[in-house]
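Peer 1: I have a structure I would like to understand better, so I am pasting it below and will then ask my questions one at a time.
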Amino acid sequence: MVTVSTTTRTASDVAAQARDVLGVSRLTNRALTSWLHGLPGVDQVGNEARAAGLGTRSIKTTSKAWAIDTAIGMIDLTTLEGSDTVGKVRSLCAKALVPDPLDPSTPRPAAICVYGDMVATAKAALGDSGIHVAAVATAFPSGRASLAVKLADTRDAVEAGADEIDMVIDRGAFLSGDYLTVFDQIAQVKQACGEAHLKVILETGELVTYDNARRASFLAMLAGGDFIKTSTGKVGPAATLPVTLVMLEAVRDWRELTGVQVGVKPAGGIRTTKDAIKYLVMVSEVAGDDWLTPEWFRFGASSLLNDLLLQRQKLTTGAYSGADYVTLD
Amino acid sequence: MSRLDVRKTYKLYIGGAFPRSESGRSYEVVSASGEFLANASMGSRKDVRDAVVAARGAFGKWSAATAYNRGQVLYRVAEVLEGRRAQFVEEVAAGEGLSARAAGATVDAAIDRVVWYAGWTDKIAQVLGNLNPVAGPFFNVSAPEPTGVVGVLAPQASSLLGLVSVVAPVIATGNTAVVVSSADRPLPAVTFGEVLATSDVPGGVVNIVTARTAEVATWLAAHRDVNAIDLTGVAGAEGVDWAALEAEAAGNLKRVHRPTLRDGVPVEPDWDADPGLGRLRAFVETKTVWHPKGL
Amino acid sequence: MPKFEYAPAPESRAVVTIEEAYGHFVDGAFTAPAETFPTLNPADETVLAQVSQAGSEDVDRAVAAARRAFEGVWGRMSGAERGKYLFRIARILQERAREFAVLETLDNGKPIKETRDVDVPIAAAHFFYHAGWADKLEYAGLSASGADVPRPHGVVGQVIPWNFPLLMLAWKIAPALATGNTVVLKPAETTPLTALLFAEVCQQAGLPAGVVNIVTGDGRTGQALVEHPGVDKIAFTGSTEVGKSIARSIAGTSKKATLELGGKAANIVFDDAPIDQAVEGIVGGIFFNQGQVCCAGSRLLVQENVHDEVVSRLKRRLGTLRVGDPMDKNSDLGAINSKAQLERITSLVEAGVAEGAERWSPECSLPAKGYWFPPTVLTGVSQTHRVATEEIFGPVLSVLTFRTPQEAVAKANNTAYGLSAGVWTEKGSRILWMADHLRAGVVWANTFNRFDPTSPFGGYKESGYGREGGRHGLEAYVTTSASTLTGAAR
């Protein structure tokens with residue numbers, strides 16, 4: 001059973017708190033720019049070396065078993081295709097409810113992630129299992145639509161019963177230096193979420209530099225995001241260890257600065273157990289134990305689940321497993 | 001009853017794969033004494049075009065690889081070449097009309113030539129680059145960078161030693177290559193392609209087109225997406241006017257490595273001589289960077 | 001109890017075979033063990049093997065073998081052929097990498113993660129790099145006059161330390177052989193095993209007998225080697241104190257020497273540094289190899305206005321440093337190499353506290369047996385404190401502050417040492433200005449403890465003279481004067 005923070009916040013609350021953090025009387029683009037550009041830079045080579053170093057941790061036996069089960073519990077099992085149908089979504093939900101028919105001790109993923117118009121189907125299929133329904137919204141994946149359309153997209157999903165909303169930031173606004181627009185949109189979407197919790201997708205692949213990833217992370221947290229998420233998964237590169245490292249440093253620093261804890265979700269391109277474990281090591285050693293639960297860390301993935309199940313089977317049977325022993329979703 | 005051997009098929013080497021010529025043509029390759037050896041693919045201008053695309057596609061990654069990595073790959077080429085020594089000795093002896101002993105010496109020299117260039121990759125910058133003591137508070141450094149896609153007309157006579165001597169320096173410096181093999185002695189070039197394909201050389205870094213030199217050379221020389229051309233193979237090539245090729249190359253100001261001349265006539269260099277730095281210098285650009293030094 | 005506990009992840013010892021006792025490797029073969037003494041695993045004080053103490057006759061025989069090899073086969077060999085032997089050695093080191101990594105960890109006490117990812121790969125890379133120079137020396141800009149092939153000295157005596165046994169062996173042997181010299185090398189008395197295993201590599205590579213000779217023993221053996229009249233050139237890495245005595249002993253002779261000695265490097269962090277990477281650089285700078293590194297960033301010079309933030313982030317970061325069994329793949333810090341070294345570190349840190357520095361270490365449980373010292377940060381250190389002037393050679397960071405770039409440079413240079421320095425700032429111009437003004441042979445900007453065979457390494461002032469690695473590193477191994485020695489043929 002997943003529990004997540006569900007604080008409802010109005011856009012003007014968020015703005016007031018932001019003025020407080022910045023120490024300004026008016027939240028202007030200039031004020032945001034000074035604040036964001038005053039954050040410490042990230043050296044690419046050093047950052048990537050640290051991520052690679054953390055990737056050499058050797059996680060065996062009991063710690064591997066724990067990591068596999070924990071990772072499974074952190075998955076937002078995802079289908080975001082134009083060709084999604086009611087049948088496909090029901091099948092995915094069934095997989096979430098019974099990930100491994102051969103082993104009932106297998107944990108369940110945290111959530112299902114679908115497009116907004118599939119929320120009702122997913123909710124019905126998941127019943128009172130406690131698995132959340134996350135909906136992508138705000139003209140996912142490009143984010144190219146008016147604010148009105150984005151808010152309507154959000155409200156539709158919330159009214160259909162979404163527990164969580166994964167929004168995208170306006171990368172065009174960000175890259176042209178219009179941080180205030182990015183801020184406003186997030187704050188307004190947060191308000192439209194009501195009790196649903198909000199993940200803010202930065203689309204780090206389009207932001208390119210780690211400096212931008214850091215700035216976007218802080219901007220998203222300032223604007224009320226409950227989670228910061230790396231990617232839509234529709235653009236490469238999607239989630240990477242080094243960019244997630246920067247985001248974990250950001251949430252760690254944010255909590256120290258404001259007392260508020262924000263979650264992190266790498267999404268897209270995480271296919272193997274080995275990779276998932278590297279992410280967990282990074283969470284543990286960079287942000288800390290407090291983030292090592294589905295409440296504060298998620299994997300946006302689809303094929304990862306089956307690889308975790310294969311590895312889980314190997315730990316219980318002692319033999320390498322194969323595709324015939326895990327079900328398609 | 002003696003056993004019938006399984007004969008090799010000789011195709012082109014483009015983008016890491018071994019396709020036949022898109023023209024579907026082939027031509028007879030005979031030994032120095034006139035016996036039939038094999039049918040080689042007769043490469044066309046479209047094959048050259050495809051090879052340039054492959055070479056361009058491979059350039060980004062190959063030029064960005066560390067010099068150490070390129071050296072490891074080239075050393076591996078030497079290892080695999082050494083392992084296939086017997087096959088090359090046979091091909092070179094037949095094609096060039098050499099005794100087994102002489103062919104052995106030339107194959108050994110070819111292997112050692114690859115080792116020589118393998119050892120250059122991580123030293124070129126130290127020998128060709130330097131700091132410049134400009135008259136001002138500036139850090140100023142000049143460093144060699146690969147020029148891009150290099151077209152190579154491989155030597156007509158020296159079908160292995162000459163071949164590696166023109167190809168290795170091109171890729172050691174981080175360039176990628178489109179190689180037109182010897183017209184009459186193309187077989188070792190194809191086998192060399194097989195060596196490259198099994199030596200961690202990424203597909204497209206070296207592309208080998210077997211063809212009548214006169215037919216395809218102009219297309220390579222005129223190609224706007226080729227940055228440099230090595231005209232060594234004009235020596236002894238039937239129907240090739242190297243001055244015309246150089247004029248074509250001027251269309252996009254390619255860097256041109258002219259053939260060795262003796263009395264104004266192109267000749268093949270002495271491949272046993274010390275190669276020197278000439279072919280390493282020929283295909284690099286020098287980049288100079290300034291940066292102020294201050295508080 | 002942390003949520004994510006890493007289960008033990010031990011590397012297997014089974015990959016390497018350690019003999020009970022070793023002789024010396026002279027003239028292509030091992031001698032019978034004699035006058036043996038034990039070499040220990042510093043992580044648990046168990047005996048790994050017995051090795052032999054070389055006396056003056058052993059050194060004599062080794063030098064004579066090296067001389068025969070130089071005047072015979074090696075000195076007459078073409079550079080291309082020499083290069084191919086070095087390529088073989090490099091390849092075999094790659095093939096046997098795991099064996100060497102495990103053996104080095106057992107003998108030295110450093111974590112398997114470091115031997116596997118740093119020591120062994122860079123050692124192999126050194127042989128690859130130098131293999132390529134063997135037949136290209138005329139292009140290295142070393143000759144007295146233009147295009148001549150520079151000539152080797154002859155027999156080189158090399159004495160290496162215990163902190164990077166295999167890597168220091170590679171730094172010494174690779175350039176010596178590439179340039180056409182032959183070698184007698186003495187590994188440190190507490191870490192002889194990878195050098196002895198390297199002798200096997202020489203045999204597997206078919207290296208002609210006498211080209212490389214390995215003699216083991218303590219300081220007396222080193223002295224005998226350095227003072228031997230049959231040695232043309234000495235290469236020494238070790239303490240400044242011993243370096244000075246070597247310099248004195250060769251005074252007035254024709255022997256050449258290069259010395260790579262101690263350091264007390266300043267790692268300078270400005271207020272505009274990329275802060276998370278700077279913290280990593282501080283950690284790597286002083287805790288890599290347990291701080292037993294000549295170029296360690298043992299003095300953190302942090303800009304005063306960010307001192308508290310940097311120290312607080314550093315302390316938080318040290319909370320995830322794992323100290324323990326060096327054979328566990330997750331250990332970040334291993335054992336101190338010897339009891340003597342542990343005592344030195346302990347007494348210097350106590351002196352630091354007595355001088356007024358504040359001492360802090362993260363919580364860590366150290367094994368009961370073996371030589372262990374926790375990662376330690378001393379704050380409130382001043383320029384005159386012993387912990388700011390003397391090389392501790394352990395996992396101990398002294399923290400000082402500065403206000404301006406000029407003050408940082410002055411404090412960094414205010415030492416008899418001059419091996420390395422670190423600079424952390426996002427401002428390119430300042431990096432280059434600092435690099436110009438720091439009196440150190442290696443300046444690392446926004447990184448630290450980076451080594452590459454192409455990159456020359458060595459110190460200013462009492463950190464020694466001569467460079468190792470790169471084109472510059474070849475200089476010490478060739479003679480630029482006309483000589484009647486049989487030089488290497490092209």
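Ligands are numbered from 1 in the order shown, residues from 1 within each chain, and chains are lettered A, B, ... in the order they appear in the structure tokens.
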Taking only C-alpha atoms into account, report as a PyMOL selection string which residues of chain C lie within 8 Å of chain B.
Peer 2: chain C and resi 80+128-129+131-133+135+139-141+405+428-433+454+471
Peer 1: Can you write just those residues out, C-alpha atoms, as a PDB file, in the first residue's frame?
Peer 2:
ATOM      1  CA  ALA C  80      60.723  -1.979 -33.070  1.00  0.00           C
ATOM      2  CA  PHE C 128      51.373   0.168 -23.892  1.00  0.00           C
ATOM      3  CA  TYR C 129      52.331   3.828 -24.113  1.00  0.00           C
ATOM      4  CA  ALA C 131      55.982   0.251 -26.115  1.00  0.00           C
ATOM      5  CA  GLY C 132      55.018   2.734 -28.814  1.00  0.00           C
ATOM      6  CA  TRP C 133      57.971   5.049 -28.090  1.00  0.00           C
ATOM      7  CA  ASP C 135      60.999   2.822 -32.176  1.00  0.00           C
ATOM      8  CA  TYR C 139      60.737  12.071 -32.837  1.00  0.00           C
ATOM      9  CA  ALA C 140      60.591  12.751 -29.124  1.00  0.00           C
ATOM     10  CA  GLY C 141      62.666  15.901 -29.218  1.00  0.00           C
ATOM     11  CA  PRO C 405      43.721  34.033  -4.751  1.00  0.00           C
ATOM     12  CA  GLY C 428      38.647  29.348 -16.334  1.00  0.00           C
ATOM     13  CA  SER C 429      40.897  32.397 -16.195  1.00  0.00           C
ATOM     14  CA  ARG C 430      41.490  31.946 -12.523  1.00  0.00           C
ATOM     15  CA  ILE C 431      42.392  28.289 -13.041  1.00  0.00           C
ATOM     16  CA  LEU C 432      45.025  29.280 -15.553  1.00  0.00           C
ATOM     17  CA  TRP C 433      46.324  32.156 -13.430  1.00  0.00           C
ATOM     18  CA  THR C 454      50.976  10.394 -21.500  1.00  0.00           C
ATOM     19  CA  ARG C 471      57.398  12.623 -23.750  1.00  0.00           C
TER      20      ARG C 471
END
Peer 1: Excluding Gly243 of chain C and any residue of its chain fewer than 4 positions from it, enumerate the residues within 10 Å of it, using only C-alpha atoms, and give them as a PyMOL selection string.
Peer 2: chain C and resi 235-239+247-249+257-262+462-465
Peer 1: Output N, CA and C atoms for every residue in that selection, as a JSON list (two decimals), in the first residue's frame.
Peer 2:
[["chain", "number", "residue", "atom", "x", "y", "z"],
["C", 235, "ALA", "N", 66.77, 5.58, -10.47],
["C", 235, "ALA", "CA", 65.45, 6.19, -10.39],
["C", 235, "ALA", "C", 64.88, 5.79, -9.04],
["C", 236, "PHE", "N", 64.48, 6.77, -8.27],
["C", 236, "PHE", "CA", 64.02, 6.51, -6.91],
["C", 236, "PHE", "C", 62.70, 7.20, -6.66],
["C", 237, "THR", "N", 61.76, 6.49, -6.09],
["C", 237, "THR", "CA", 60.54, 7.10, -5.56],
["C", 237, "THR", "C", 60.44, 6.69, -4.11],
["C", 238, "GLY", "N", 60.30, 7.68, -3.25],
["C", 238, "GLY", "CA", 60.23, 7.36, -1.82],
["C", 238, "GLY", "C", 60.28, 8.64, -1.01],
["C", 239, "SER", "N", 60.82, 8.56, 0.17],
["C", 239, "SER", "CA", 60.79, 9.74, 1.05],
["C", 239, "SER", "C", 61.85, 10.76, 0.65],
["C", 247, "ALA", "N", 71.05, 11.68, -3.38],
["C", 247, "ALA", "CA", 71.67, 12.81, -4.08],
["C", 247, "ALA", "C", 73.07, 13.04, -3.54],
["C", 248, "ARG", "N", 73.23, 12.92, -2.22],
["C", 248, "ARG", "CA", 74.57, 13.09, -1.64],
["C", 248, "ARG", "C", 75.49, 11.98, -2.09],
["C", 249, "SER", "N", 74.99, 10.76, -2.15],
["C", 249, "SER", "CA", 75.89, 9.64, -2.46],
["C", 249, "SER", "C", 76.37, 9.65, -3.90],
["C", 257, "ALA", "N", 70.46, 10.70, -11.62],
["C", 257, "ALA", "CA", 69.36, 10.25, -10.77],
["C", 257, "ALA", "C", 68.11, 11.06, -11.04],
["C", 258, "THR", "N", 66.97, 10.40, -10.94],
["C", 258, "THR", "CA", 65.71, 11.12, -10.86],
["C", 258, "THR", "C", 65.06, 10.69, -9.56],
["C", 259, "LEU", "N", 64.43, 11.66, -8.91],
["C", 259, "LEU", "CA", 63.88, 11.41, -7.59],
["C", 259, "LEU", "C", 62.44, 11.89, -7.55],
["C", 260, "GLU", "N", 61.58, 11.02, -7.07],
["C", 260, "GLU", "CA", 60.18, 11.41, -6.94],
["C", 260, "GLU", "C", 59.85, 11.22, -5.47],
["C", 261, "LEU", "N", 59.70, 12.31, -4.74],
["C", 261, "LEU", "CA", 59.72, 12.26, -3.29],
["C", 261, "LEU", "C", 58.38, 12.68, -2.69],
["C", 262, "GLY", "N", 58.44, 13.29, -1.52],
["C", 262, "GLY", "CA", 57.21, 13.56, -0.80],
["C", 262, "GLY", "C", 56.48, 14.81, -1.24],
["C", 462, "GLU", "N", 61.75, 20.23, -2.97],
["C", 462, "GLU", "CA", 62.12, 18.98, -2.29],
["C", 462, "GLU", "C", 61.18, 17.82, -2.57],
["C", 463, "SER", "N", 60.29, 18.01, -3.54],
["C", 463, "SER", "CA", 59.52, 16.86, -3.98],
["C", 463, "SER", "C", 60.27, 16.07, -5.03],
["C", 464, "GLY", "N", 61.47, 16.53, -5.36],
["C", 464, "GLY", "CA", 62.30, 15.75, -6.25],
["C", 464, "GLY", "C", 62.56, 16.44, -7.57],
["C", 465, "TYR", "N", 63.26, 15.72, -8.45],
["C", 465, "TYR", "CA", 63.44, 16.26, -9.80],
["C", 465, "TYR", "C", 63.34, 15.15, -10.83]]
Peer 1: Suppose you want the space between atom CA of Val443 of chain C and atom CA of Gly297 of chain C; what is it in Å?
Peer 2: 11.0 Å
Peer 1: Taking only segment 42-291 of chain C into account, list the residues labelled helix (DSSP H, G or I) by DSSP (computed from the backbone), as a PyMOL selection string.
Peer 2: chain C and resi 56-76+79-95+97-108+112-133+137-139+165-178+193-204+219-227+240-249+275-291
Peer 1: Would you mind listing what lies within 12 Å of segment 219-223 of chain B as an NGL selection string, with only C-alpha atoms counted and same-chain residues fewer than 5 positions away left out?
Peer 2: :B and (43-53 or 149-153 or 177-180 or 209 or 213-214 or 228-231 or 234 or 240-257)
Peer 1: Based on only C-alpha atoms, which of the residues in chain C come within 12 Å of chain A? I want them as a compact mmCIF listing (two decimals) with N, CA and C atoms, in the first residue's frame.
Peer 2:
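Heads up, here's the output in out-v3.txt:
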# COMPACT_ATOMS: atom_id res chain seq x y z
N MET C 1 20.70 1.28 12.19
CA MET C 1 20.88 0.24 11.17
C MET C 1 20.44 0.82 9.82
N PRO C 2 21.34 0.96 8.88
CA PRO C 2 20.93 1.57 7.61
C PRO C 2 19.93 0.69 6.88
N LYS C 3 19.07 1.34 6.10
CA LYS C 3 18.03 0.61 5.39
C LYS C 3 18.65 -0.31 4.34
N PHE C 4 19.66 0.22 3.65
CA PHE C 4 20.27 -0.54 2.57
C PHE C 4 21.65 -0.99 3.03
N GLU C 5 21.69 -2.17 3.63
CA GLU C 5 22.97 -2.71 4.10
C GLU C 5 23.61 -3.47 2.96
N TYR C 6 24.87 -3.22 2.69
CA TYR C 6 25.50 -4.00 1.63
C TYR C 6 26.05 -5.29 2.22
N ALA C 7 25.61 -6.42 1.71
CA ALA C 7 26.14 -7.70 2.19
C ALA C 7 27.61 -7.80 1.79
N PRO C 8 28.37 -8.64 2.50
CA PRO C 8 29.78 -8.80 2.13
C PRO C 8 29.90 -9.19 0.66
N ALA C 9 30.83 -8.61 -0.03
CA ALA C 9 31.04 -8.88 -1.46
C ALA C 9 32.52 -9.17 -1.68
N PRO C 10 32.99 -10.29 -1.15
CA PRO C 10 34.43 -10.52 -1.18
C PRO C 10 34.92 -10.96 -2.55
N GLU C 11 36.03 -10.42 -2.98
CA GLU C 11 36.72 -10.91 -4.16
C GLU C 11 37.44 -12.20 -3.74
N ILE C 112 40.37 -3.57 -3.06
CA ILE C 112 40.38 -4.27 -4.36
C ILE C 112 39.78 -3.37 -5.44
N LYS C 113 38.86 -2.50 -5.03
CA LYS C 113 38.23 -1.59 -5.99
C LYS C 113 39.29 -0.70 -6.64
N GLU C 114 40.27 -0.29 -5.85
CA GLU C 114 41.32 0.58 -6.38
C GLU C 114 42.33 -0.19 -7.21
N ARG C 116 41.88 -2.93 -8.77
CA ARG C 116 41.19 -3.40 -9.98
C ARG C 116 40.93 -2.28 -10.97
N ASP C 117 40.51 -1.11 -10.47
CA ASP C 117 40.08 -0.03 -11.36
C ASP C 117 41.16 1.00 -11.65
N VAL C 118 42.20 1.08 -10.82
CA VAL C 118 43.21 2.11 -11.02
C VAL C 118 44.61 1.52 -11.19
N PHE C 270 37.67 27.43 -4.11
CA PHE C 270 37.14 28.79 -4.13
C PHE C 270 35.63 28.78 -3.88
N ASP C 271 35.09 29.97 -3.60
CA ASP C 271 33.67 30.05 -3.28
C ASP C 271 32.78 29.76 -4.48
N ASP C 272 33.32 29.80 -5.68
CA ASP C 272 32.50 29.50 -6.86
C ASP C 272 32.82 28.12 -7.43
N ALA C 273 33.33 27.25 -6.58
CA ALA C 273 33.64 25.88 -7.05
C ALA C 273 32.34 25.13 -7.31
N PRO C 274 32.35 24.16 -8.24
CA PRO C 274 31.20 23.25 -8.36
C PRO C 274 31.19 22.37 -7.11
N ILE C 275 30.36 22.72 -6.16
CA ILE C 275 30.56 22.30 -4.77
C ILE C 275 30.52 20.79 -4.56
N ASP C 276 29.58 20.10 -5.20
CA ASP C 276 29.50 18.65 -4.96
C ASP C 276 30.71 17.93 -5.54
N GLN C 277 31.17 18.39 -6.72
CA GLN C 277 32.35 17.76 -7.31
C GLN C 277 33.60 18.14 -6.52
N ALA C 278 33.62 19.35 -5.95
CA ALA C 278 34.77 19.75 -5.13
C ALA C 278 34.88 18.87 -3.89
N VAL C 279 33.74 18.57 -3.28
CA VAL C 279 33.77 17.69 -2.10
C VAL C 279 34.31 16.31 -2.50
N GLU C 280 33.86 15.81 -3.64
CA GLU C 280 34.40 14.53 -4.13
C GLU C 280 35.90 14.63 -4.36
N GLY C 281 36.32 15.77 -4.88
CA GLY C 281 37.74 15.96 -5.15
C GLY C 281 38.56 16.03 -3.88
N ILE C 282 37.97 16.61 -2.84
CA ILE C 282 38.67 16.66 -1.55
C ILE C 282 38.81 15.24 -1.00
N VAL C 283 37.69 14.50 -1.06
CA VAL C 283 37.68 13.13 -0.55
C VAL C 283 38.66 12.26 -1.32
N GLY C 284 38.56 12.30 -2.65
CA GLY C 284 39.48 11.51 -3.46
C GLY C 284 40.92 11.94 -3.25
N VAL C 306 33.37 30.25 2.51
CA VAL C 306 32.59 29.02 2.32
C VAL C 306 33.12 27.87 3.18
N GLU C 309 30.37 25.77 5.06
CA GLU C 309 29.53 24.96 4.18
C GLU C 309 30.33 23.78 3.61
N SER C 312 31.02 21.18 6.33
CA SER C 312 29.80 20.45 6.69
C SER C 312 29.42 19.44 5.60
N ARG C 313 29.53 19.83 4.33
CA ARG C 313 29.23 18.89 3.25
C ARG C 313 30.25 17.75 3.24
N ARG C 316 29.41 15.28 5.98
CA ARG C 316 28.26 14.46 5.59
C ARG C 316 28.70 13.41 4.57
N ARG C 317 29.51 13.80 3.61
CA ARG C 317 29.97 12.87 2.57
C ARG C 317 30.80 11.74 3.18
N LEU C 318 31.61 12.05 4.18
CA LEU C 318 32.45 11.02 4.78
C LEU C 318 31.64 9.98 5.51
N GLY C 319 30.39 10.30 5.82
CA GLY C 319 29.51 9.33 6.45
C GLY C 319 29.22 8.12 5.57
N THR C 320 29.43 8.24 4.25
CA THR C 320 29.16 7.08 3.39
C THR C 320 30.43 6.40 2.92
N LEU C 321 31.58 6.82 3.47
CA LEU C 321 32.85 6.18 3.12
C LEU C 321 32.93 4.85 3.88
N ARG C 322 33.24 3.78 3.18
CA ARG C 322 33.25 2.47 3.82
C ARG C 322 34.68 2.03 4.08
N MET C 327 39.60 -6.71 0.67
CA MET C 327 39.16 -7.65 -0.35
C MET C 327 37.65 -7.56 -0.60
N ASP C 328 36.95 -6.75 0.18
CA ASP C 328 35.52 -6.55 -0.08
C ASP C 328 35.38 -5.48 -1.15
N LYS C 329 34.61 -5.81 -2.19
CA LYS C 329 34.52 -4.90 -3.33
C LYS C 329 33.88 -3.57 -2.98
N ASN C 330 33.23 -3.49 -1.84
CA ASN C 330 32.59 -2.23 -1.46
C ASN C 330 33.42 -1.37 -0.52
N SER C 331 34.59 -1.85 -0.15
CA SER C 331 35.42 -1.04 0.74
C SER C 331 36.02 0.13 -0.03
N ASP C 332 35.92 1.33 0.56
CA ASP C 332 36.52 2.51 -0.05
C ASP C 332 37.91 2.77 0.52
N TRP C 424 39.88 24.47 -7.39
CA TRP C 424 38.45 24.24 -7.65
C TRP C 424 37.73 25.57 -7.80
N THR C 425 37.28 25.84 -9.02
CA THR C 425 36.54 27.05 -9.33
C THR C 425 35.91 26.87 -10.69
N GLU C 426 34.80 27.54 -10.93
CA GLU C 426 34.19 27.46 -12.26
C GLU C 426 34.82 28.47 -13.21
N LYS C 427 35.74 29.31 -12.73
CA LYS C 427 36.26 30.40 -13.56
C LYS C 427 37.57 29.97 -14.24
N ALA C 445 42.99 20.87 -11.96
CA ALA C 445 41.91 21.84 -11.83
C ALA C 445 40.58 21.12 -11.97
N ASN C 446 39.71 21.29 -10.98
CA ASN C 446 38.40 20.63 -10.96
C ASN C 446 38.49 19.12 -11.11
N THR C 447 39.60 18.58 -10.66
CA THR C 447 39.78 17.14 -10.59
C THR C 447 40.98 16.90 -9.66
N PHE C 448 41.25 15.67 -9.33
CA PHE C 448 42.42 15.40 -8.48
C PHE C 448 42.84 13.95 -8.64
N ARG C 450 44.51 12.35 -10.89
CA ARG C 450 44.33 11.78 -12.22
C ARG C 450 45.70 11.48 -12.77
Peer 1: Interatomic distance between atom CA of Arg214 of chain A and atom CA of Thr244 of chain A?
Peer 2: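 Spanning atom CA of Arg214 of chain A to atom CA of Thr244 of chain A is a straight-line distance of 10.0 Å.
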